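Participant: Input structure: upload-v8.cif, which contains mmCIF, C-alpha atoms.
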data_run
loop_
_atom_site.label_atom_id
_atom_site.label_comp_id
_atom_site.auth_asym_id
_atom_site.auth_seq_id
_atom_site.Cartn_x
_atom_site.Cartn_y
_atom_site.Cartn_z
CA MET K 30 76.79 -25.09 55.96
CA ARG K 31 79.74 -22.82 55.28
CA MET K 32 81.06 -25.19 52.62
CA ARG K 33 77.67 -25.28 50.94
CA PHE K 34 77.55 -21.48 50.95
CA ARG K 35 80.98 -21.36 49.36
CA ALA K 36 79.99 -23.90 46.75
CA VAL K 37 76.86 -21.98 45.85
CA ALA K 38 78.78 -18.72 45.77
CA ALA K 39 81.39 -20.29 43.49
CA LEU K 40 78.69 -21.58 41.17
CA ILE K 41 77.06 -18.16 41.01
CA LEU K 42 80.37 -16.50 40.29
CA LEU K 43 81.39 -19.03 37.67
CA SER K 44 78.05 -19.38 35.91
CA PRO K 45 78.43 -16.28 33.71
CA LEU K 46 81.88 -17.53 32.72
CA SER K 47 80.57 -20.99 31.86
CA SER K 48 77.84 -19.56 29.67
CA TYR K 49 80.31 -17.23 28.02
CA VAL K 50 82.60 -20.02 26.87
CA LEU K 51 79.74 -21.76 25.06
CA VAL K 52 79.84 -19.16 22.31
CA ALA K 53 82.64 -18.24 19.95
CA GLN K 54 83.79 -15.20 18.05
CA GLU K 55 82.52 -15.56 14.47
CA GLY K 56 83.80 -12.31 12.95
CA HIS K 57 87.29 -11.75 11.59
CA PRO K 58 89.07 -15.04 12.30
CA LEU K 59 92.12 -13.44 13.94
CA ARG K 60 90.21 -11.16 16.26
CA GLY K 61 90.42 -12.07 19.92
CA THR K 62 92.88 -13.61 22.35
CA TRP K 63 95.16 -16.51 21.48
CA HIS K 64 97.25 -18.60 23.85
CA GLY K 65 100.11 -20.90 22.89
CA SER K 66 103.84 -21.31 22.88
CA TRP K 67 106.90 -21.47 20.72
CA GLY K 68 110.13 -23.40 21.11
CA VAL K 69 113.01 -25.09 19.38
CA ASN K 70 111.84 -28.47 20.67
CA ALA K 71 109.05 -30.02 22.71
CA ALA K 72 110.84 -29.55 26.00
CA GLU K 73 111.85 -25.92 25.68
CA ARG K 74 108.67 -23.90 25.33
CA THR K 75 107.98 -20.23 25.86
CA PRO K 76 104.36 -19.25 26.47
CA VAL K 77 102.89 -16.64 24.16
CA THR K 78 99.68 -14.63 24.33
CA LEU K 79 98.40 -12.60 21.40
CA VAL K 80 95.51 -10.14 21.51
CA MET K 81 94.40 -9.06 18.06
CA ASP K 82 91.79 -6.85 16.46
CA TRP K 83 90.61 -5.98 12.94
CA ASP K 84 89.93 -2.34 12.10
CA GLY K 85 88.54 -3.01 8.65
CA ALA K 86 91.87 -2.63 6.88
CA ASN K 87 94.61 -3.79 9.24
CA ILE K 88 95.24 -6.38 11.89
CA THR K 89 96.42 -4.72 15.07
CA GLY K 90 97.35 -6.17 18.41
CA ILE K 91 99.88 -6.87 21.12
CA MET K 92 101.99 -9.79 22.22
CA ASN K 93 102.08 -10.80 25.89
CA PRO K 94 99.81 -8.17 27.48
CA GLY K 95 101.25 -6.66 30.62
CA ALA K 96 104.46 -4.98 31.62
CA ARG K 97 106.39 -6.67 28.79
CA SER K 98 103.84 -6.29 26.03
CA SER K 99 104.89 -5.49 22.48
CA PRO K 100 102.78 -4.18 19.60
CA LEU K 101 102.41 -6.43 16.57
CA GLU K 102 104.06 -4.98 13.50
CA LYS K 103 104.00 -5.73 9.77
CA THR K 104 100.89 -7.84 10.13
CA SER K 105 99.42 -9.45 7.02
CA LEU K 106 96.84 -12.12 6.35
CA ASP K 107 96.36 -13.87 3.02
CA PRO K 108 93.06 -15.82 3.09
CA ALA K 109 93.73 -17.19 -0.38
CA ALA K 110 97.02 -18.77 0.75
CA MET K 111 95.39 -21.03 3.32
CA TRP K 112 95.06 -18.12 5.76
CA GLN K 113 98.77 -17.36 5.89
CA PHE K 114 99.46 -14.88 8.70
CA HIS K 115 102.63 -12.92 9.32
CA PHE K 116 103.66 -10.53 12.04
CA GLU K 117 106.77 -9.15 13.63
CA ALA K 118 107.38 -7.77 17.09
CA ASN K 119 110.08 -6.81 19.54
CA TYR K 120 109.92 -9.54 22.16
CA LYS K 121 110.85 -8.46 25.68
CA ASP K 122 112.31 -11.12 27.96
CA ARG K 123 112.46 -11.22 31.77
CA THR K 124 115.92 -9.67 31.90
CA GLY K 125 114.79 -6.58 30.06
CA GLY K 126 116.41 -7.58 26.80
CA THR K 127 114.60 -7.43 23.51
CA ALA K 128 114.76 -9.59 20.41
CA ARG K 129 113.19 -9.20 17.03
CA VAL K 130 110.54 -11.85 16.39
CA MET K 131 109.07 -12.94 13.06
CA VAL K 132 106.12 -15.31 12.94
CA ASP K 133 104.63 -17.05 9.92
CA ALA K 134 101.64 -19.23 10.62
CA LYS K 135 98.46 -20.50 9.06
CA ILE K 136 95.02 -20.55 10.60
CA GLN K 137 93.96 -24.15 10.88
CA ASP K 138 90.25 -25.07 10.88
CA VAL K 139 89.24 -21.45 10.33
CA THR K 140 85.51 -22.04 10.84
CA SER K 141 86.02 -23.66 14.22
CA PRO K 142 85.71 -21.92 17.58
CA HIS K 143 88.90 -23.83 18.44
CA ARG K 144 90.89 -22.67 15.44
CA ALA K 145 94.66 -22.59 15.77
CA LEU K 146 97.63 -20.65 14.44
CA VAL K 147 100.38 -23.10 13.49
CA GLY K 148 103.71 -22.15 11.97
CA THR K 149 107.22 -20.97 12.70
CA TRP K 150 108.71 -18.51 15.16
CA THR K 151 112.03 -16.88 14.40
CA GLN K 152 113.76 -15.00 17.20
CA GLY K 153 117.24 -13.79 16.45
CA GLU K 154 119.29 -16.85 15.55
CA LYS K 155 116.71 -19.28 16.88
CA LYS K 156 113.91 -20.78 14.86
CA GLY K 157 111.22 -23.00 16.26
CA ASP K 158 107.66 -24.10 15.90
CA PHE K 159 104.75 -22.00 17.09
CA LYS K 160 101.18 -22.89 17.93
CA ALA K 161 98.42 -20.83 19.53
CA VAL K 162 94.73 -21.58 19.97
CA ARG K 163 92.06 -18.94 20.03
CA ASP K 164 90.25 -18.50 23.32
CA ASN K 165 86.50 -18.85 23.16
CA MET N 24 57.78 -60.46 -3.85
CA ARG N 25 54.03 -60.53 -4.55
CA PRO N 26 52.58 -57.42 -6.18
CA HIS N 27 50.25 -56.56 -3.30
CA THR N 28 53.09 -56.99 -0.78
CA PHE N 29 55.19 -54.58 -2.83
CA ILE N 30 52.34 -52.06 -2.92
CA LEU N 31 51.79 -52.32 0.84
CA LEU N 32 55.49 -51.83 1.53
CA SER N 33 55.61 -48.87 -0.84
CA LEU N 34 52.61 -47.28 0.85
CA ALA N 35 54.17 -47.82 4.28
CA ALA N 36 57.45 -46.28 3.13
CA ALA N 37 55.68 -43.31 1.57
CA THR N 38 53.61 -42.74 4.72
CA THR N 39 56.69 -42.91 6.95
CA LEU N 40 58.61 -40.54 4.72
CA GLY N 41 55.70 -38.12 4.63
CA THR N 42 55.39 -38.20 8.40
CA LEU N 43 59.08 -37.45 8.79
CA VAL N 44 58.94 -34.57 6.36
CA PHE N 45 55.95 -32.95 8.02
CA ALA N 46 57.37 -33.60 11.49
CA GLN N 47 60.36 -31.44 10.59
CA ALA N 48 58.38 -28.77 8.81
CA PRO N 49 54.97 -28.64 10.42
CA ALA N 50 53.86 -25.60 8.50
CA ALA N 51 55.80 -25.74 5.28
CA SER N 52 54.63 -23.69 2.36
CA THR N 53 55.70 -23.68 -1.22
CA PRO N 54 57.52 -20.64 -2.46
CA ALA N 55 55.97 -18.52 -5.15
CA GLY N 56 55.27 -14.90 -5.93
CA PRO N 57 53.76 -12.42 -3.51
CA THR N 58 50.25 -12.56 -4.97
CA GLY N 59 47.30 -14.62 -3.89
CA THR N 60 47.73 -17.19 -6.67
CA ARG N 61 50.74 -19.04 -5.30
CA THR N 62 50.62 -22.64 -4.20
CA GLY N 63 50.22 -23.43 -0.52
CA ARG N 64 51.18 -26.02 2.02
CA ALA N 65 48.29 -28.47 2.18
CA SER N 66 45.90 -27.90 -0.66
CA GLY N 67 48.53 -27.05 -3.23
CA VAL N 68 46.73 -23.82 -4.06
CA ARG N 69 46.52 -20.82 -1.79
CA PRO N 70 43.26 -18.92 -1.88
CA PRO N 71 43.31 -15.28 -2.93
CA SER N 72 44.53 -13.22 -0.04
CA ALA N 73 42.43 -10.83 1.99
CA PRO N 74 43.61 -7.23 2.15
CA THR N 75 46.28 -6.11 4.56
CA PRO N 76 44.78 -5.76 8.05
CA ARG N 77 45.15 -2.30 9.52
CA TRP N 78 45.19 -0.45 12.82
CA PRO N 79 42.56 2.25 13.41
CA ASP N 80 45.01 4.90 12.23
CA GLY N 81 45.42 3.02 8.94
CA HIS N 82 48.94 1.63 9.21
CA PRO N 83 49.44 -2.08 8.54
CA MET N 84 48.95 -4.63 11.29
CA LEU N 85 51.67 -7.29 11.25
CA SER N 86 49.92 -9.77 13.53
CA ALA N 87 46.72 -11.80 13.38
CA GLY N 88 44.55 -9.10 14.83
CA PRO N 89 41.83 -9.31 17.48
CA GLY N 90 39.96 -12.59 17.58
CA LYS N 91 42.13 -14.29 15.01
CA THR N 92 45.06 -16.68 15.11
CA GLY N 93 47.98 -17.27 12.82
CA PHE N 94 51.71 -16.92 12.46
CA TRP N 95 54.35 -16.18 9.86
CA ASN N 96 55.81 -19.34 8.37
CA SER N 97 59.47 -18.46 8.64
CA GLY N 98 62.08 -21.04 7.79
CA THR N 99 62.63 -20.51 4.12
CA GLY N 100 64.16 -17.70 2.15
CA GLY N 101 67.51 -15.98 2.26
CA LEU N 102 69.31 -12.79 1.38
CA THR N 103 71.00 -13.86 -1.85
CA GLY N 104 69.72 -15.60 -4.95
CA LYS N 105 66.37 -15.11 -6.59
CA ASN N 106 64.85 -18.55 -6.23
CA GLY N 107 61.88 -19.63 -4.18
CA MET N 108 60.77 -17.17 -1.54
CA ASN N 109 63.62 -14.77 -2.22
CA LEU N 110 63.09 -11.29 -3.61
CA PRO N 111 63.71 -10.87 -7.33
CA THR N 112 65.97 -7.94 -6.50
CA ASN N 113 68.42 -10.07 -4.47
CA LEU N 114 72.07 -10.23 -5.43
CA GLU N 115 73.55 -13.51 -6.52
CA ILE N 116 76.21 -14.70 -4.11
CA GLY N 117 78.97 -13.73 -6.52
CA GLU N 118 77.75 -10.15 -6.43
CA VAL N 119 77.98 -9.74 -2.65
CA PRO N 120 80.72 -7.15 -1.95
CA PHE N 121 82.71 -9.23 0.50
CA GLN N 122 86.06 -8.10 1.80
CA PRO N 123 88.60 -10.83 0.89
CA TRP N 124 88.71 -12.33 4.39
CA ALA N 125 84.91 -12.38 4.61
CA LYS N 126 84.58 -14.08 1.23
CA ALA N 127 87.15 -16.70 2.17
CA LEU N 128 85.48 -17.34 5.50
CA TYR N 129 82.05 -17.60 3.87
CA GLU N 130 83.44 -20.11 1.37
CA ALA N 131 85.13 -22.10 4.13
CA ARG N 132 81.83 -22.29 5.99
CA ARG N 133 80.11 -23.55 2.86
CA ALA N 134 82.90 -26.02 2.14
CA ASP N 135 82.57 -27.69 5.54
CA GLN N 136 78.78 -27.76 5.24
CA GLN N 137 78.36 -25.17 7.98
CA LYS N 138 79.29 -27.68 10.65
CA ASN N 139 80.23 -24.86 13.04
CA ASP N 140 77.05 -22.83 12.62
CA PRO N 141 76.51 -21.45 16.14
CA HIS N 142 72.74 -21.54 15.67
CA ALA N 143 72.92 -25.34 15.70
CA ARG N 144 74.12 -24.94 19.27
CA CYS N 145 71.14 -22.78 20.17
CA VAL N 146 72.89 -19.44 19.78
CA PRO N 147 70.25 -16.74 19.17
CA PRO N 148 69.45 -15.71 15.58
CA GLY N 149 70.28 -12.02 15.39
CA GLY N 150 69.12 -9.75 12.57
CA PRO N 151 67.72 -11.29 9.39
CA ARG N 152 68.18 -14.80 10.70
CA GLN N 153 65.27 -14.31 13.05
CA PHE N 154 63.13 -14.00 9.91
CA HIS N 155 64.27 -17.26 8.38
CA THR N 156 64.52 -19.42 11.46
CA PRO N 157 62.08 -22.35 11.18
CA TYR N 158 59.03 -22.91 13.39
CA GLY N 159 57.32 -19.60 13.01
CA LEU N 160 57.48 -15.91 13.68
CA GLN N 161 55.18 -13.36 15.27
CA LEU N 162 55.34 -9.58 15.07
CA TYR N 163 53.28 -7.90 17.74
CA GLU N 164 52.93 -4.15 17.79
CA LEU N 165 52.16 -2.67 21.20
CA PRO N 166 51.02 0.89 20.46
CA GLU N 167 50.56 1.84 24.09
CA ALA N 168 54.13 0.77 24.85
CA LYS N 169 55.48 2.09 21.54
CA ARG N 170 57.26 -1.15 20.81
CA VAL N 171 57.15 -3.97 18.27
CA LEU N 172 58.06 -7.42 19.53
CA VAL N 173 59.54 -9.97 17.13
CA LEU N 174 58.98 -13.44 18.56
CA SER N 175 60.65 -16.54 17.13
CA GLY N 176 58.94 -19.88 17.52
CA GLY N 177 62.14 -21.80 16.75
CA GLY N 178 65.77 -21.81 17.82
CA PRO N 179 66.11 -20.71 21.42
CA ARG N 180 62.74 -18.90 21.12
CA THR N 181 64.31 -15.50 20.76
CA TRP N 182 62.35 -12.28 21.19
CA ARG N 183 63.49 -8.86 20.09
CA VAL N 184 62.23 -5.41 21.02
CA ILE N 185 61.98 -2.70 18.38
CA TYR N 186 61.57 0.68 20.07
CA MET N 187 59.06 2.86 18.25
CA ASP N 188 59.18 5.85 20.61
CA GLY N 189 61.80 7.83 18.75
CA ARG N 190 64.66 7.10 21.09
CA PRO N 191 68.15 7.09 19.57
CA HIS N 192 70.59 4.22 19.76
CA PRO N 193 72.76 4.32 22.86
CA THR N 194 76.25 5.55 22.20
CA SER N 195 78.80 2.80 21.74
CA ASP N 196 80.22 3.50 25.19
CA ASP N 197 76.86 2.82 26.80
CA PHE N 198 76.27 -0.78 25.89
CA ILE N 199 77.93 -4.12 25.36
CA PRO N 200 77.32 -5.67 21.91
CA THR N 201 74.66 -8.36 22.00
CA PHE N 202 73.19 -11.09 19.80
CA LEU N 203 70.13 -9.00 18.90
CA GLY N 204 71.64 -5.53 19.04
CA HIS N 205 69.57 -2.42 19.67
CA SER N 206 66.65 -1.78 17.34
CA VAL N 207 64.62 1.36 16.74
CA GLY N 208 61.81 1.56 14.23
CA LYS N 209 59.33 3.83 12.53
CA TRP N 210 56.60 3.53 9.95
CA GLU N 211 57.36 4.98 6.54
CA GLY N 212 54.04 4.66 4.75
CA GLU N 213 53.32 0.95 4.39
CA THR N 214 56.74 -0.15 5.61
CA LEU N 215 58.16 -0.67 9.08
CA VAL N 216 61.77 0.50 8.88
CA VAL N 217 64.02 -0.88 11.62
CA ASP N 218 67.51 0.41 12.31
CA SER N 219 69.75 -1.84 14.42
CA VAL N 220 73.30 -1.61 15.74
CA GLY N 221 75.24 -3.06 18.64
CA PHE N 222 75.64 -6.65 17.50
CA ASN N 223 78.27 -8.98 18.88
CA GLU N 224 80.23 -11.36 16.63
CA GLN N 225 79.04 -14.59 18.21
CA PHE N 226 76.33 -15.54 15.73
CA TRP N 227 75.62 -15.73 11.99
CA PHE N 228 73.10 -13.10 10.89
CA ALA N 229 71.85 -15.38 8.11
CA ARG N 230 71.71 -19.12 7.65
CA ALA N 231 74.06 -18.91 4.68
CA GLY N 232 76.95 -17.87 6.94
CA TYR N 233 77.85 -14.39 5.70
CA PRO N 234 80.40 -13.03 8.19
CA HIS N 235 79.95 -9.79 10.07
CA THR N 236 81.76 -7.69 12.67
CA GLU N 237 80.67 -5.53 15.57
CA SER N 238 80.37 -2.68 13.07
CA LEU N 239 77.27 -4.29 11.56
CA HIS N 240 74.50 -1.77 10.97
CA LEU N 241 71.22 -3.20 9.74
CA ILE N 242 68.31 -1.49 8.06
CA GLU N 243 65.33 -3.83 7.85
CA ARG N 244 62.22 -2.99 5.82
CA ILE N 245 59.13 -5.00 6.70
CA SER N 246 55.79 -4.70 4.94
CA ARG N 247 52.59 -6.70 4.51
CA PRO N 248 51.40 -6.28 0.93
CA ASP N 249 48.38 -8.50 1.60
CA TYR N 250 46.98 -10.49 4.49
CA ASN N 251 49.00 -13.63 3.69
CA THR N 252 52.32 -12.10 2.76
CA LEU N 253 55.15 -10.47 4.68
CA LYS N 254 57.94 -8.87 2.70
CA TYR N 255 61.26 -8.75 4.52
CA GLU N 256 64.30 -6.88 3.25
CA ALA N 257 67.59 -6.13 5.02
CA THR N 258 70.43 -3.82 4.09
CA ILE N 259 73.76 -5.00 5.44
CA ASP N 260 76.15 -2.18 6.23
CA ASP N 261 79.40 -3.47 7.73
CA PRO N 262 82.51 -1.77 6.36
CA LYS N 263 84.82 -4.15 8.23
CA ALA N 264 83.40 -7.15 6.34
CA TYR N 265 81.99 -5.70 3.07
CA THR N 266 83.31 -3.10 0.67
CA LYS N 267 79.88 -1.48 0.43
CA SER N 268 76.40 -2.05 1.81
CA TRP N 269 74.15 -4.61 0.14
CA THR N 270 70.51 -5.62 0.34
CA GLY N 271 68.57 -8.86 0.21
CA GLY N 272 65.37 -10.37 1.45
CA HIS N 273 62.49 -12.74 1.01
CA TYR N 274 58.79 -13.25 1.44
CA ILE N 275 57.18 -15.06 4.36
CA TYR N 276 53.67 -16.48 4.18
CA TRP N 277 50.94 -16.44 6.76
CA VAL N 278 49.62 -19.62 8.35
CA PRO N 279 46.03 -18.85 9.36
CA ASP N 280 44.10 -20.27 12.29
CA GLU N 281 47.11 -21.84 13.98
CA ASP N 282 49.71 -20.76 16.47
CA PHE N 283 53.21 -22.09 16.53
CA GLU N 284 53.92 -24.99 18.79
CA GLU N 285 56.18 -24.86 21.80
CA TYR N 286 59.71 -25.58 20.68
CA PHE N 287 63.02 -24.97 22.40
CA CYS N 288 66.32 -25.69 20.74
CA GLN N 289 67.83 -26.44 24.13
CA ASP N 290 65.29 -29.17 24.80
CA ASN N 291 66.95 -32.46 23.93
CA ASN N 292 69.08 -30.80 21.28
CA ARG N 293 70.90 -33.57 19.44
CA ASP N 294 71.78 -31.55 16.40
CA PRO N 295 75.47 -30.85 17.04
CA SER N 296 76.37 -34.52 17.19
CA HIS N 297 74.54 -35.13 13.91
CA LEU N 298 76.24 -32.38 11.98
CA VAL N 299 78.51 -33.41 9.17
CA GLY N 300 82.15 -33.42 10.15
CA GLN N 301 81.67 -33.37 13.93
#
How does the structure come out when it is put into structure tokens?

Facilitator:
Amino acid sequence: MRMRFRAVAALILLSPLSSYVLVAQEGHPLRGTWHGSWGVNAAERTPVTLVMDWDGANITGIMNPGARSSPLEKTSLDPAAMWQFHFEANYKDRTGGTARVMVDAKIQDVTSPHRALVGTWTQGEKKGDFKAVRDN
Amino acid sequence: MRPHTFILLSLAAATTLGTLVFAQAPAASTPAGPTGTRTGRASGVRPPSAPTPRWPDGHPMLSAGPGKTGFWNSGTGGLTGKNGMNLPTNLEIGEVPFQPWAKALYEARRADQQKNDPHARCVPPGGPRQFHTPYGLQLYELPEAKRVLVLSGGGPRTWRVIYMDGRPHPTSDDFIPTFLGHSVGKWEGETLVVDSVGFNEQFWFARAGYPHTESLHLIERISRPDYNTLKYEATIDDPKAYTKSWTGGHYIYWVPDEDFEEYFCQDNNRDPSHLVGQ
């Protein structure tokens, strides 16, 4: 009985979430939350979260929301160049150190709810690949 | 093949094709001008229209009226281009004042044949799209409640409330953006003018796929120049997607003596798997 109650309660709690993920953001293609990673190879990955907005003239946002968040700087998007996106930020690592980050990526499958940012991530002397997918 | 066999096969093919066409568009009408001389759905010629029906106070009635049946044959028309049911004042698509990102996104949607149109997944048709969603439309004015209800027969059978009691829009802090936004209306002479804000970004406001943002502000102008004709016009004001506001619209014709059939997009919806590119 208790298990059934918990199952029903879980369904009730999760049902708004499940209906929410059926729809996608159809406005400015960068707006919203993106999850992904960057790394110099497939084994060494660093998770990245981006939260972006569009104010009508500029793309604004932060990297890695929370205690170590950093504002996105020098953002630009060129729709005519296959949706080329650039930003820079001061990445903050767990030790408290910071490193300048430059990202150049293109939006792949821009009409899709599952569109992705794919490109390169340059952090100090390191350069690796970067991919993030937009949350629904 | 013998001649009579060929004729029989041709007749069978024509009948099947006709059945399919009418099954998808049960109340199709042929676009023409807003007068009573346009061609119609079954006879090919629409009879001259009766005058605009009116409420006792003289303002236009947008529904069938007491004792009568009928619905607006939505499903055709758009906001750009001047062909068919569209208004002769519409912009051509090249004249729409897109911001660069919005133009590129619109073109990308067209290039992939709108395979990711959320409406195909039963997402509600906000704004003008409610007026060109197939399977019918009703506009019921409830004077005692000071509301107009816009009921869609197609899609997920969306209904929208237009408040006619003079209330303002809620402030942006008071509500979460929605598919249908918040609509207030008033009569300006022969025209119902509807002001809507508070839209989310999870739908396309027109079938063509023009992008919008949460800053979308719509002014819709709805009139009934004669019994059989509804004129619909929308001004799109969204400074985050367009460099200036723009206007477009279309006519919708009345289907007398019928009501729209029950239809739910969610019921056995097979459309997504049939879309090109999926």

Participant: Evaluate the PyMOL selection byres ((chain K) within 8 of (chain N)) against this structure - the residues, as an NGL selection string, please.

Facilitator: :K and (52-57 or 83-86 or 107-109 or 139-142)

Participant: Give the answer as one residue: which of K:Ser99, K:Gln152, K:Gly157, K:Pro94 has the shortest atom-to-atom distance to Ala71 of chain K, using only C-alpha atoms?

Facilitator: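 For Ala71 of chain K, the nearest of the candidates is K:Gly157.
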
Participant: As a ChimeraX atom specification, please: the residues near Phe222 of chain N (cut-off 7 Å, only C-alpha atoms, same-chain neighbours under 3 positions excluded).

Facilitator: /N:200-204,237,239

Participant: With C-alpha atoms retained, write the just-selected residues as a compact mmCIF listing (two decimals), keeping the file's coordinate frame.

Facilitator:
# COMPACT_ATOMS: atom_id res chain seq x y z
CA PRO N 200 77.32 -5.67 21.91
CA THR N 201 74.66 -8.36 22.00
CA PHE N 202 73.19 -11.09 19.80
CA LEU N 203 70.13 -9.00 18.90
CA GLY N 204 71.64 -5.53 19.04
CA GLU N 237 80.67 -5.53 15.57
CA LEU N 239 77.27 -4.29 11.56

Participant: Please identify all polymer residues within 10 Å of Thr104 of chain K, counting all atoms listed in the file, omitting same-chain residues fewer than 6 positions from it, and present them as a list in words.

Facilitator: Asn87, Ile88, Thr89, Gly90, Phe114, His115, Phe116, Glu117, Ala118, Val132 and Asp133 of chain K

Participant: How would you write, as a list in words, the residues chosen by the PyMOL selection byres ((chain K and resi 62) around 6) on this structure?

Facilitator: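 So the PyMOL selection byres ((chain K and resi 62) around 6) ends up selecting Gly61, Trp63, Leu79, Val80, Arg163 and Asp164 of chain K.
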
Participant: Go through K:Thr149, K:Gln113, K:Asn119, K:Thr127 one by one, measure the shortest atom-to-atom distance of each to Val69 of chain K using only C-alpha atoms, and give the residue with the smallest value.

Facilitator: K:Thr149

Participant: Show which residues sit within 7 Å of Met187 of chain N, as a VMD selection string. Count only C-alpha atoms, and ignore same-chain residues fewer than 4 positions away.

Facilitator: chain N and resid 169 to 170 207 to 209

Participant: Given all atoms listed in the file as the basis, pick out the residue of N:Ser206, N:Thr181, N:Asn251, N:Ser175 nearest to Glu284 of chain N.

Facilitator: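 Under the stated criterion, the closest residue is N:Ser175.
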
Participant: For Asp260 of chain N, which of N:Phe121, N:Trp182, N:Trp78, N:Phe94 is the closest residue, counting only C-alpha atoms?

Facilitator: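 The answer is N:Phe121, which sits nearest to Asp260 of chain N.
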
Participant: Please determine, counting all atoms listed in the file, which residue among N:Thr252, N:Thr103, N:Ser97, N:Gln136 has the shortest atom-to-atom distance to Glu118 of chain N.

Facilitator: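 Of all the options, N:Thr103 lies closest to Glu118 of chain N.
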
Participant: May I have the residues within 6 Å of segment 148-163 of chain N as a list in words, using only C-alpha atoms and disregarding those fewer than 5 positions away in the same chain?

Facilitator: Leu85, Ser86, Phe94, Trp95, Asn96, Ser97, Gly98, Thr99, Val171, Leu172, Val173, Leu174, Ser175, Gly176, Gly177, Phe202, Leu203, Phe228, Ala229 and Phe283 of chain N

Participant: Output the selection as a compact mmCIF listing (two decimals), in the coordinates of the input - C-alpha atoms for each residue.

Facilitator:
# COMPACT_ATOMS: atom_id res chain seq x y z
CA LEU N 85 51.67 -7.29 11.25
CA SER N 86 49.92 -9.77 13.53
CA PHE N 94 51.71 -16.92 12.46
CA TRP N 95 54.35 -16.18 9.86
CA ASN N 96 55.81 -19.34 8.37
CA SER N 97 59.47 -18.46 8.64
CA GLY N 98 62.08 -21.04 7.79
CA THR N 99 62.63 -20.51 4.12
CA VAL N 171 57.15 -3.97 18.27
CA LEU N 172 58.06 -7.42 19.53
CA VAL N 173 59.54 -9.97 17.13
CA LEU N 174 58.98 -13.44 18.56
CA SER N 175 60.65 -16.54 17.13
CA GLY N 176 58.94 -19.88 17.52
CA GLY N 177 62.14 -21.80 16.75
CA PHE N 202 73.19 -11.09 19.80
CA LEU N 203 70.13 -9.00 18.90
CA PHE N 228 73.10 -13.10 10.89
CA ALA N 229 71.85 -15.38 8.11
CA PHE N 283 53.21 -22.09 16.53
